[in-house]
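Text of start_24.cif, listed as mmCIF, C-alpha atoms:
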data_coords
#
loop_
_atom_site.label_atom_id
_atom_site.label_comp_id
_atom_site.auth_asym_id
_atom_site.auth_seq_id
_atom_site.Cartn_x
_atom_site.Cartn_y
_atom_site.Cartn_z
CA MET A 243 -50.30 -95.36 -25.61
CA ASP A 244 -53.94 -96.41 -25.12
CA ILE A 245 -56.06 -94.94 -27.92
CA ALA A 246 -59.83 -95.13 -28.46
CA ILE A 247 -61.34 -94.65 -31.90
CA ILE A 248 -64.87 -93.25 -31.97
CA GLY A 249 -66.11 -93.41 -35.54
CA ALA A 250 -64.37 -96.34 -37.18
CA GLY A 251 -65.11 -95.48 -40.81
CA ASN A 252 -62.43 -94.79 -43.40
CA VAL A 253 -60.61 -92.16 -41.33
CA GLY A 254 -60.93 -93.73 -37.89
CA GLY A 255 -60.36 -97.22 -39.21
CA THR A 256 -57.22 -96.20 -41.07
CA LEU A 257 -55.69 -94.19 -38.24
CA GLY A 258 -56.54 -96.79 -35.63
CA THR A 259 -55.12 -99.58 -37.75
CA ARG A 260 -51.87 -97.76 -38.39
CA TRP A 261 -51.41 -96.82 -34.72
CA ALA A 262 -52.08 -100.41 -33.66
CA GLN A 263 -49.59 -101.68 -36.23
CA GLY A 264 -47.11 -99.17 -34.80
CA GLY A 265 -47.38 -100.64 -31.31
CA HIS A 266 -50.12 -98.58 -29.63
CA ARG A 267 -53.02 -100.28 -27.86
CA VAL A 268 -56.12 -99.34 -29.87
CA THR A 269 -59.77 -99.91 -29.05
CA PHE A 270 -62.37 -99.30 -31.74
CA GLY A 271 -65.50 -98.05 -30.02
CA VAL A 272 -68.51 -99.42 -31.91
CA ARG A 273 -72.25 -99.67 -31.41
CA ASP A 274 -72.29 -103.44 -31.91
CA ILE A 275 -69.14 -105.43 -31.16
CA ARG A 276 -70.51 -108.31 -33.29
CA ASP A 277 -70.66 -106.14 -36.42
CA PRO A 278 -68.52 -107.79 -39.16
CA LYS A 279 -66.95 -104.40 -39.96
CA GLY A 280 -65.32 -104.39 -36.53
CA GLN A 281 -63.94 -107.86 -37.07
CA GLU A 282 -62.49 -106.81 -40.42
CA LEU A 283 -60.72 -103.91 -38.70
CA LEU A 284 -59.19 -106.30 -36.18
CA LYS A 285 -57.83 -108.50 -38.94
CA ALA A 286 -56.02 -105.51 -40.44
CA ALA A 287 -54.94 -103.90 -37.17
CA GLY A 288 -53.54 -107.01 -35.53
CA SER A 289 -53.07 -108.10 -31.95
CA ASN A 290 -52.78 -104.59 -30.47
CA ALA A 291 -56.41 -103.80 -31.36
CA ARG A 292 -59.79 -104.78 -29.99
CA VAL A 293 -63.41 -103.69 -30.29
CA ALA A 294 -65.63 -102.55 -27.44
CA SER A 295 -68.59 -100.31 -26.77
CA VAL A 296 -67.94 -96.60 -27.23
CA GLY A 297 -68.10 -96.00 -23.47
CA GLU A 298 -65.71 -98.84 -22.63
CA ALA A 299 -63.26 -97.79 -25.33
CA ALA A 300 -63.14 -94.20 -24.11
CA ALA A 301 -62.94 -95.14 -20.43
CA ASP A 302 -59.73 -97.13 -20.92
CA ALA A 303 -57.99 -94.61 -23.21
CA ALA A 304 -55.63 -91.71 -22.63
CA VAL A 305 -56.25 -90.46 -26.18
CA VAL A 306 -59.59 -90.50 -27.97
CA LEU A 307 -59.92 -89.94 -31.71
CA LEU A 308 -63.28 -88.50 -32.76
CA SER A 309 -63.97 -89.17 -36.45
CA THR A 310 -67.76 -89.34 -36.63
CA PRO A 311 -70.07 -87.73 -39.17
CA TRP A 312 -70.97 -84.32 -37.77
CA ALA A 313 -74.64 -85.20 -37.33
CA ASN A 314 -73.66 -88.06 -34.99
CA THR A 315 -70.93 -86.27 -33.06
CA GLN A 316 -72.81 -84.99 -30.02
CA GLU A 317 -74.52 -88.35 -29.45
CA ALA A 318 -71.18 -90.16 -29.86
CA LEU A 319 -69.66 -87.95 -27.17
CA ARG A 320 -72.58 -88.67 -24.86
CA SER A 321 -71.99 -92.39 -25.39
CA ALA A 322 -68.29 -91.95 -24.63
CA GLY A 323 -69.03 -90.71 -21.12
CA ALA A 324 -66.65 -88.59 -19.05
CA LEU A 325 -63.66 -87.40 -21.09
CA SER A 326 -62.23 -84.87 -18.65
CA GLY A 327 -58.43 -84.86 -18.75
CA LYS A 328 -58.20 -87.03 -21.85
CA VAL A 329 -56.64 -85.91 -25.11
CA LEU A 330 -59.52 -85.68 -27.59
CA ILE A 331 -58.43 -85.49 -31.23
CA ASP A 332 -61.20 -83.85 -33.23
CA ALA A 333 -60.98 -85.08 -36.83
CA THR A 334 -64.54 -84.06 -37.68
CA ASN A 335 -65.74 -81.35 -40.04
CA PRO A 336 -69.09 -79.61 -39.40
CA ILE A 337 -70.68 -80.62 -42.70
CA LEU A 338 -73.69 -82.56 -43.90
CA LEU A 339 -72.89 -85.76 -45.75
CA GLY A 340 -74.75 -86.39 -48.97
CA PRO A 341 -75.54 -84.63 -52.25
CA ASP A 342 -75.93 -81.18 -50.69
CA LEU A 343 -72.52 -81.23 -49.01
CA LEU A 344 -70.80 -78.77 -51.34
CA LYS A 345 -73.84 -76.50 -51.61
CA GLU A 346 -74.36 -76.27 -47.85
CA GLY A 347 -70.65 -76.04 -46.95
CA LEU A 348 -69.64 -75.64 -43.31
CA LEU A 349 -72.48 -75.52 -40.79
CA VAL A 350 -70.38 -73.69 -38.18
CA GLY A 351 -67.83 -70.92 -38.66
CA HIS A 352 -66.59 -67.33 -38.35
CA LYS A 353 -67.13 -66.75 -34.61
CA THR A 354 -66.78 -70.36 -33.52
CA SER A 355 -65.84 -73.76 -34.94
CA GLY A 356 -66.86 -77.38 -34.82
CA ALA A 357 -63.85 -78.08 -32.61
CA GLU A 358 -64.94 -75.47 -30.08
CA GLN A 359 -68.41 -77.00 -30.11
CA VAL A 360 -66.84 -80.42 -29.49
CA ALA A 361 -64.91 -78.97 -26.54
CA SER A 362 -68.15 -77.64 -25.04
CA TRP A 363 -69.84 -81.03 -25.43
CA ALA A 364 -66.85 -82.94 -23.98
CA GLY A 365 -66.32 -80.89 -20.84
CA GLY A 366 -62.77 -81.02 -19.51
CA ALA A 367 -61.34 -82.89 -22.49
CA ARG A 368 -58.09 -81.52 -23.94
CA VAL A 369 -59.25 -81.03 -27.52
CA VAL A 370 -56.83 -80.90 -30.44
CA LYS A 371 -58.02 -80.34 -34.00
CA ALA A 372 -56.21 -82.64 -36.43
CA PHE A 373 -56.68 -85.01 -39.38
CA ASN A 374 -59.62 -83.03 -40.80
CA SER A 375 -58.03 -81.84 -44.05
CA VAL A 376 -56.76 -84.98 -45.76
CA GLY A 377 -58.30 -88.19 -47.05
CA TRP A 378 -57.77 -91.67 -45.69
CA PRO A 379 -55.58 -92.85 -48.63
CA VAL A 380 -52.97 -90.29 -47.60
CA MET A 381 -53.27 -91.44 -43.99
CA VAL A 382 -52.16 -94.88 -45.21
CA ASN A 383 -49.03 -93.30 -46.71
CA PRO A 384 -48.47 -89.55 -46.19
CA ARG A 385 -45.42 -89.36 -48.45
CA LEU A 386 -46.27 -87.73 -51.78
CA GLY A 387 -43.33 -87.71 -54.13
CA THR A 388 -40.27 -86.73 -52.14
CA ARG A 389 -42.09 -84.89 -49.34
CA PRO A 390 -44.48 -85.77 -46.53
CA ALA A 391 -47.95 -84.27 -46.42
CA SER A 392 -48.40 -81.50 -43.86
CA MET A 393 -50.73 -81.97 -40.91
CA LEU A 394 -51.84 -78.73 -39.27
CA ILE A 395 -53.11 -79.03 -35.70
CA CYS A 396 -54.40 -76.59 -33.10
CA GLY A 397 -55.48 -76.69 -29.47
CA ASP A 398 -55.22 -74.93 -26.13
CA ASP A 399 -53.24 -77.59 -24.23
CA THR A 400 -49.52 -77.73 -25.01
CA ALA A 401 -48.99 -81.25 -23.67
CA ALA A 402 -51.99 -82.59 -25.59
CA LYS A 403 -50.66 -81.05 -28.81
CA ALA A 404 -47.29 -82.69 -28.15
CA ASP A 405 -49.02 -86.09 -27.89
CA VAL A 406 -50.93 -85.51 -31.12
CA THR A 407 -47.79 -84.30 -32.87
CA ARG A 408 -46.04 -87.51 -31.89
CA LEU A 409 -48.91 -89.64 -33.16
CA SER A 410 -49.08 -87.67 -36.41
CA ASP A 411 -45.33 -87.75 -36.97
CA GLU A 412 -45.30 -91.52 -36.39
CA LEU A 413 -47.68 -91.89 -39.31
CA GLY A 414 -45.27 -89.98 -41.53
CA PHE A 415 -46.87 -86.53 -41.60
CA GLU A 416 -44.94 -83.31 -41.17
CA THR A 417 -46.91 -81.88 -38.27
CA ALA A 418 -47.24 -78.16 -37.53
CA ASP A 419 -48.85 -76.59 -34.47
CA VAL A 420 -50.68 -73.51 -35.76
CA GLY A 421 -52.06 -72.14 -32.50
CA PRO A 422 -54.98 -72.31 -30.05
CA LEU A 423 -58.22 -74.19 -30.58
CA ALA A 424 -59.94 -71.09 -32.00
CA ILE A 425 -57.72 -71.51 -35.08
CA ALA A 426 -59.99 -74.43 -35.96
CA ARG A 427 -62.14 -71.64 -37.43
CA LEU A 428 -59.46 -71.55 -40.14
CA LEU A 429 -58.62 -75.26 -40.31
CA GLU A 430 -62.20 -76.31 -40.92
CA PRO A 431 -62.54 -74.12 -44.05
CA TYR A 432 -59.14 -75.54 -45.03
CA GLY A 433 -60.75 -78.98 -44.76
CA MET A 434 -63.69 -77.73 -46.81
CA LEU A 435 -61.27 -76.65 -49.54
CA TRP A 436 -59.87 -80.18 -49.58
CA ILE A 437 -63.41 -81.59 -49.88
CA HIS A 438 -64.20 -79.16 -52.74
CA MET A 439 -61.09 -80.26 -54.62
CA CYS A 440 -61.73 -83.94 -53.89
CA ILE A 441 -65.41 -83.99 -54.87
CA GLY A 442 -66.25 -80.74 -56.64
CA LEU A 443 -63.20 -80.76 -58.90
CA GLY A 444 -63.01 -84.53 -59.12
CA TRP A 445 -59.45 -84.88 -57.84
CA GLY A 446 -60.33 -87.87 -55.66
CA PRO A 447 -58.98 -88.39 -52.13
CA ASP A 448 -55.34 -89.25 -52.82
CA PHE A 449 -53.79 -85.76 -52.48
CA ALA A 450 -52.76 -83.48 -49.65
CA PHE A 451 -51.46 -80.01 -48.84
CA GLN A 452 -47.84 -79.29 -47.98
CA VAL A 453 -46.31 -76.36 -46.12
CA ILE A 454 -42.99 -75.47 -47.73
CA LYS A 455 -40.56 -73.13 -45.99
CA ARG A 456 -37.48 -71.44 -47.38
#
In structure tokens, what does this structure look like?
Amino acid sequence: MDIAIIGAGNVGGTLGTRWAQGGHRVTFGVRDIRDPKGQELLKAAGSNARVASVGEAAADAAVVLLSTPWANTQEALRSAGALSGKVLIDATNPILLGPDLLKEGLLVGHKTSGAEQVASWAGGARVVKAFNSVGWPVMVNPRLGTRPASMLICGDDTAAKADVTRLSDELGFETADVGPLAIARLLEPYGMLWIHMCIGLGWGPDFAFQVIKR
């Protein structure tokens, strides 16, 4: 599968590296292809990965992972160009980074969600909310004790969710489809809870939620 990563920080870099190591063709979309950070990603990801401009990365991909800071998200989507028909995995959370993060909380909610805003900015893209409620150390290895971490996803396109489920399962998550894209109004506060526990309670990023059924 051809995958573009827009936002190659801890989350995008980790997911892109693992997918490349698993045999997918991954392009990290970056502002400057000469940036040493991009070259470090290639060393870790191996021969299935490359770096390119954001627009070039998105143009060649069937699946696009969006993992930008919220303040940069709309501009990143503009740089990506036409995304109609592509699977767009929204791993963002509508929050401000910095010292006021916990005080400000989510910037969007109740009657809409960041994911629905992303869908409006990326007209025609098949948006799936995923990877917004766990830290990058768990993305490296989702098995915690004897069980895999749960990954809850939502979206309006059944085939797109099947693709994202496959990509999530390949990483080792136990993936659950929890409904249409509007359910991101619930998943984003779920991500905020994770952030509160990580930062506000000092747990750090190496934990995850699990759904346990009888």
Next on the checklist: I need the residue nearest Trp261 of chain A from this list: A:Asp274, A:Asp342, A:Asp411, A:Glu298. Use only C-alpha atoms for the distance.
Outcome noted: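 Of A:Asp274, A:Asp342, A:Asp411, A:Glu298, the one nearest Trp261 of chain A is A:Asp411, counting only C-alpha atoms.
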Item to check | Nearby residues (all atoms listed in the file) at most 12 Å from Trp378 of chain A, same-chain spacing under 6 positions excluded, as a PyMOL selection string | outcome: chain A and resi 250-260+309+333+384+413+440+446-450
Item to check | Pick from A:Ala418, A:Ile441, A:Leu409, A:Met381 nearest to Cys396 of chain A, counting only C-alpha atoms | outcome: A:Ala418
Next on the checklist: Please expand the PyMOL selection byres ((chain A and resi 426) around 7) into the concrete residues it hits in this file, giving the result as a PyMOL selection string.
Outcome noted: chain A and resi 355+357+371+396+423-425+427-430
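Evaluated on this file, the PyMOL selection byres ((chain A and resi 284) around 10) matches Gly255, Gly258, Thr259, Ala262, Val268, Thr269, Phe270, Pro278, Lys279, Gly280, Gln281, Glu282, Leu283, Lys285, Ala286, Ala287, Gly288, Ser289, Asn290, Ala291, Arg292 and Val293 of chain A.
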Item to check | d(atom CA of Asn335 of chain A, atom CA of Gly356 of chain A) in Å | outcome: 6.7 Å
Next on the checklist: Suppose a student applies the PyMOL selection byres ((chain A and resi 329) around 6) to this structure; what residues should they get, written as a ChimeraX atom specification?
Outcome noted: /A:305,328,330,368,402
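Every polymer residue reaching to within 12 Å of (-69.7, -74.9, -45.0), counting all atoms listed in the file, appears in this list: Trp312, Asn335, Pro336, Ile337, Leu338, Leu339, Asp342, Leu343, Leu344, Lys345, Glu346, Gly347, Leu348, Leu349, Val350, Gly351, His352, Ser355, Gly356, Arg427, Leu428, Glu430, Pro431, Tyr432, Gly433, Met434, Leu435, Ile437 and His438 of chain A.
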The selected residues should be written to file as a PDB file, keeping the file's coordinate frame (atoms: C-alpha atoms).
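This is the output file again.pdb:
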ATOM      1  CA  TRP A 312     -70.970 -84.320 -37.770  1.00  0.00           C
ATOM      2  CA  ASN A 335     -65.740 -81.350 -40.040  1.00  0.00           C
ATOM      3  CA  PRO A 336     -69.090 -79.610 -39.400  1.00  0.00           C
ATOM      4  CA  ILE A 337     -70.680 -80.620 -42.700  1.00  0.00           C
ATOM      5  CA  LEU A 338     -73.690 -82.560 -43.900  1.00  0.00           C
ATOM      6  CA  LEU A 339     -72.890 -85.760 -45.750  1.00  0.00           C
ATOM      7  CA  ASP A 342     -75.930 -81.180 -50.690  1.00  0.00           C
ATOM      8  CA  LEU A 343     -72.520 -81.230 -49.010  1.00  0.00           C
ATOM      9  CA  LEU A 344     -70.800 -78.770 -51.340  1.00  0.00           C
ATOM     10  CA  LYS A 345     -73.840 -76.500 -51.610  1.00  0.00           C
ATOM     11  CA  GLU A 346     -74.360 -76.270 -47.850  1.00  0.00           C
ATOM     12  CA  GLY A 347     -70.650 -76.040 -46.950  1.00  0.00           C
ATOM     13  CA  LEU A 348     -69.640 -75.640 -43.310  1.00  0.00           C
ATOM     14  CA  LEU A 349     -72.480 -75.520 -40.790  1.00  0.00           C
ATOM     15  CA  VAL A 350     -70.380 -73.690 -38.180  1.00  0.00           C
ATOM     16  CA  GLY A 351     -67.830 -70.920 -38.660  1.00  0.00           C
ATOM     17  CA  HIS A 352     -66.590 -67.330 -38.350  1.00  0.00           C
ATOM     18  CA  SER A 355     -65.840 -73.760 -34.940  1.00  0.00           C
ATOM     19  CA  GLY A 356     -66.860 -77.380 -34.820  1.00  0.00           C
ATOM     20  CA  ARG A 427     -62.140 -71.640 -37.430  1.00  0.00           C
ATOM     21  CA  LEU A 428     -59.460 -71.550 -40.140  1.00  0.00           C
ATOM     22  CA  GLU A 430     -62.200 -76.310 -40.920  1.00  0.00           C
ATOM     23  CA  PRO A 431     -62.540 -74.120 -44.050  1.00  0.00           C
ATOM     24  CA  TYR A 432     -59.140 -75.540 -45.030  1.00  0.00           C
ATOM     25  CA  GLY A 433     -60.750 -78.980 -44.760  1.00  0.00           C
ATOM     26  CA  MET A 434     -63.690 -77.730 -46.810  1.00  0.00           C
ATOM     27  CA  LEU A 435     -61.270 -76.650 -49.540  1.00  0.00           C
ATOM     28  CA  ILE A 437     -63.410 -81.590 -49.880  1.00  0.00           C
ATOM     29  CA  HIS A 438     -64.200 -79.160 -52.740  1.00  0.00           C
TER      30      HIS A 438
END
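Taking atom CA of Glu416 of chain A and atom CA of Pro390 of chain A as endpoints, the distance between them is 5.9 Å.
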Could the centre and edge lengths of an axis-aligned box, enclosing all atoms of segment 247-251 of chain A in the file with 6 Å extra on each side, be given in Å to one decimal as AutoDock Vina command-line options?
--center_x -63.7 --center_y -94.8 --center_z -36.4 --size_x 16.8 --size_y 15.1 --size_z 20.9
Checklist outcome for this item: Pairwise distance, atom CA of Gln316 of chain A with atom CA of Gln359 of chain A, equals 9.1 Å
Checklist entry - Can you list, as a PyMOL selection string, every protein, DNA or RNA residue that comes within 6 Å of Leu308 of chain A when you count all atoms listed in the file, leaving out same-chain residues fewer than 2 positions away? => result chain A and resi 248+310+331-333
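Comparing A:Phe451, A:Ile247, A:Val376, A:Ser410 by their smallest distance to Ala322 of chain A, the closest is A:Ile247 (using all atoms listed in the file).
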Save segment 292-360 of chain A to disk from that block, C-alpha atoms included, as a tab-separated table (two decimals), in the first residue's frame.
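Listing of decode-v8.tsv after writing:
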chain	number	residue	atom	x	y	z
A	292	ARG	CA	11.39	8.19	1.06
A	293	VAL	CA	10.91	11.89	1.71
A	294	ALA	CA	9.18	14.34	-0.62
A	295	SER	CA	7.22	17.56	-0.52
A	296	VAL	CA	3.81	17.31	1.13
A	297	GLY	CA	2.04	17.69	-2.22
A	298	GLU	CA	4.14	15.03	-3.95
A	299	ALA	CA	3.74	12.61	-1.05
A	300	ALA	CA	-0.04	12.95	-1.03
A	301	ALA	CA	-0.37	12.78	-4.82
A	302	ASP	CA	1.27	9.36	-5.00
A	303	ALA	CA	-0.56	7.82	-2.02
A	304	ALA	CA	-3.76	5.83	-1.62
A	305	VAL	CA	-3.71	6.44	2.14
A	306	VAL	CA	-2.68	9.69	3.82
A	307	LEU	CA	-1.95	9.93	7.55
A	308	LEU	CA	-2.56	13.39	9.00
A	309	SER	CA	-0.65	13.85	12.28
A	310	THR	CA	0.02	17.58	12.39
A	311	PRO	CA	-0.39	19.96	15.32
A	312	TRP	CA	-3.94	21.29	15.11
A	313	ALA	CA	-2.81	24.86	14.41
A	314	ASN	CA	-1.00	23.65	11.26
A	315	THR	CA	-3.64	21.22	10.02
A	316	GLN	CA	-5.60	23.35	7.57
A	317	GLU	CA	-2.43	24.69	5.94
A	318	ALA	CA	-1.00	21.16	5.72
A	319	LEU	CA	-4.12	20.00	3.90
A	320	ARG	CA	-3.84	22.91	1.49
A	321	SER	CA	-0.25	21.88	0.77
A	322	ALA	CA	-1.36	18.29	0.20
A	323	GLY	CA	-3.57	19.30	-2.71
A	324	ALA	CA	-6.52	17.26	-3.98
A	325	LEU	CA	-7.33	14.35	-1.66
A	326	SER	CA	-10.67	13.31	-3.15
A	327	GLY	CA	-11.11	9.54	-3.05
A	328	LYS	CA	-8.08	8.94	-0.83
A	329	VAL	CA	-8.26	7.39	2.62
A	330	LEU	CA	-7.34	10.18	5.04
A	331	ILE	CA	-6.47	8.97	8.54
A	332	ASP	CA	-7.02	11.83	10.97
A	333	ALA	CA	-4.72	11.33	13.97
A	334	THR	CA	-4.98	14.94	15.11
A	335	ASN	CA	-6.61	16.35	18.22
A	336	PRO	CA	-8.05	19.89	18.19
A	337	ILE	CA	-5.85	21.23	20.98
A	338	LEU	CA	-3.27	23.95	21.48
A	339	LEU	CA	0.24	22.72	22.18
A	340	GLY	CA	2.09	24.37	25.02
A	341	PRO	CA	1.61	25.22	28.70
A	342	ASP	CA	-2.10	26.07	28.35
A	343	LEU	CA	-3.00	22.73	26.74
A	344	LEU	CA	-4.76	21.22	29.75
A	345	LYS	CA	-6.43	24.48	30.74
A	346	GLU	CA	-7.82	25.17	27.27
A	347	GLY	CA	-8.76	21.55	26.49
A	348	LEU	CA	-10.44	20.74	23.19
A	349	LEU	CA	-11.03	23.67	20.84
A	350	VAL	CA	-13.85	21.90	18.98
A	351	GLY	CA	-16.60	19.66	20.33
A	352	HIS	CA	-20.21	18.85	21.21
A	353	LYS	CA	-21.90	19.60	17.86
A	354	THR	CA	-18.91	18.88	15.65
A	355	SER	CA	-15.37	17.51	15.88
A	356	GLY	CA	-11.90	18.12	14.59
A	357	ALA	CA	-12.31	15.13	12.27
A	358	GLU	CA	-15.46	16.61	10.74
A	359	GLN	CA	-13.59	19.88	10.26
A	360	VAL	CA	-10.77	17.96	8.56
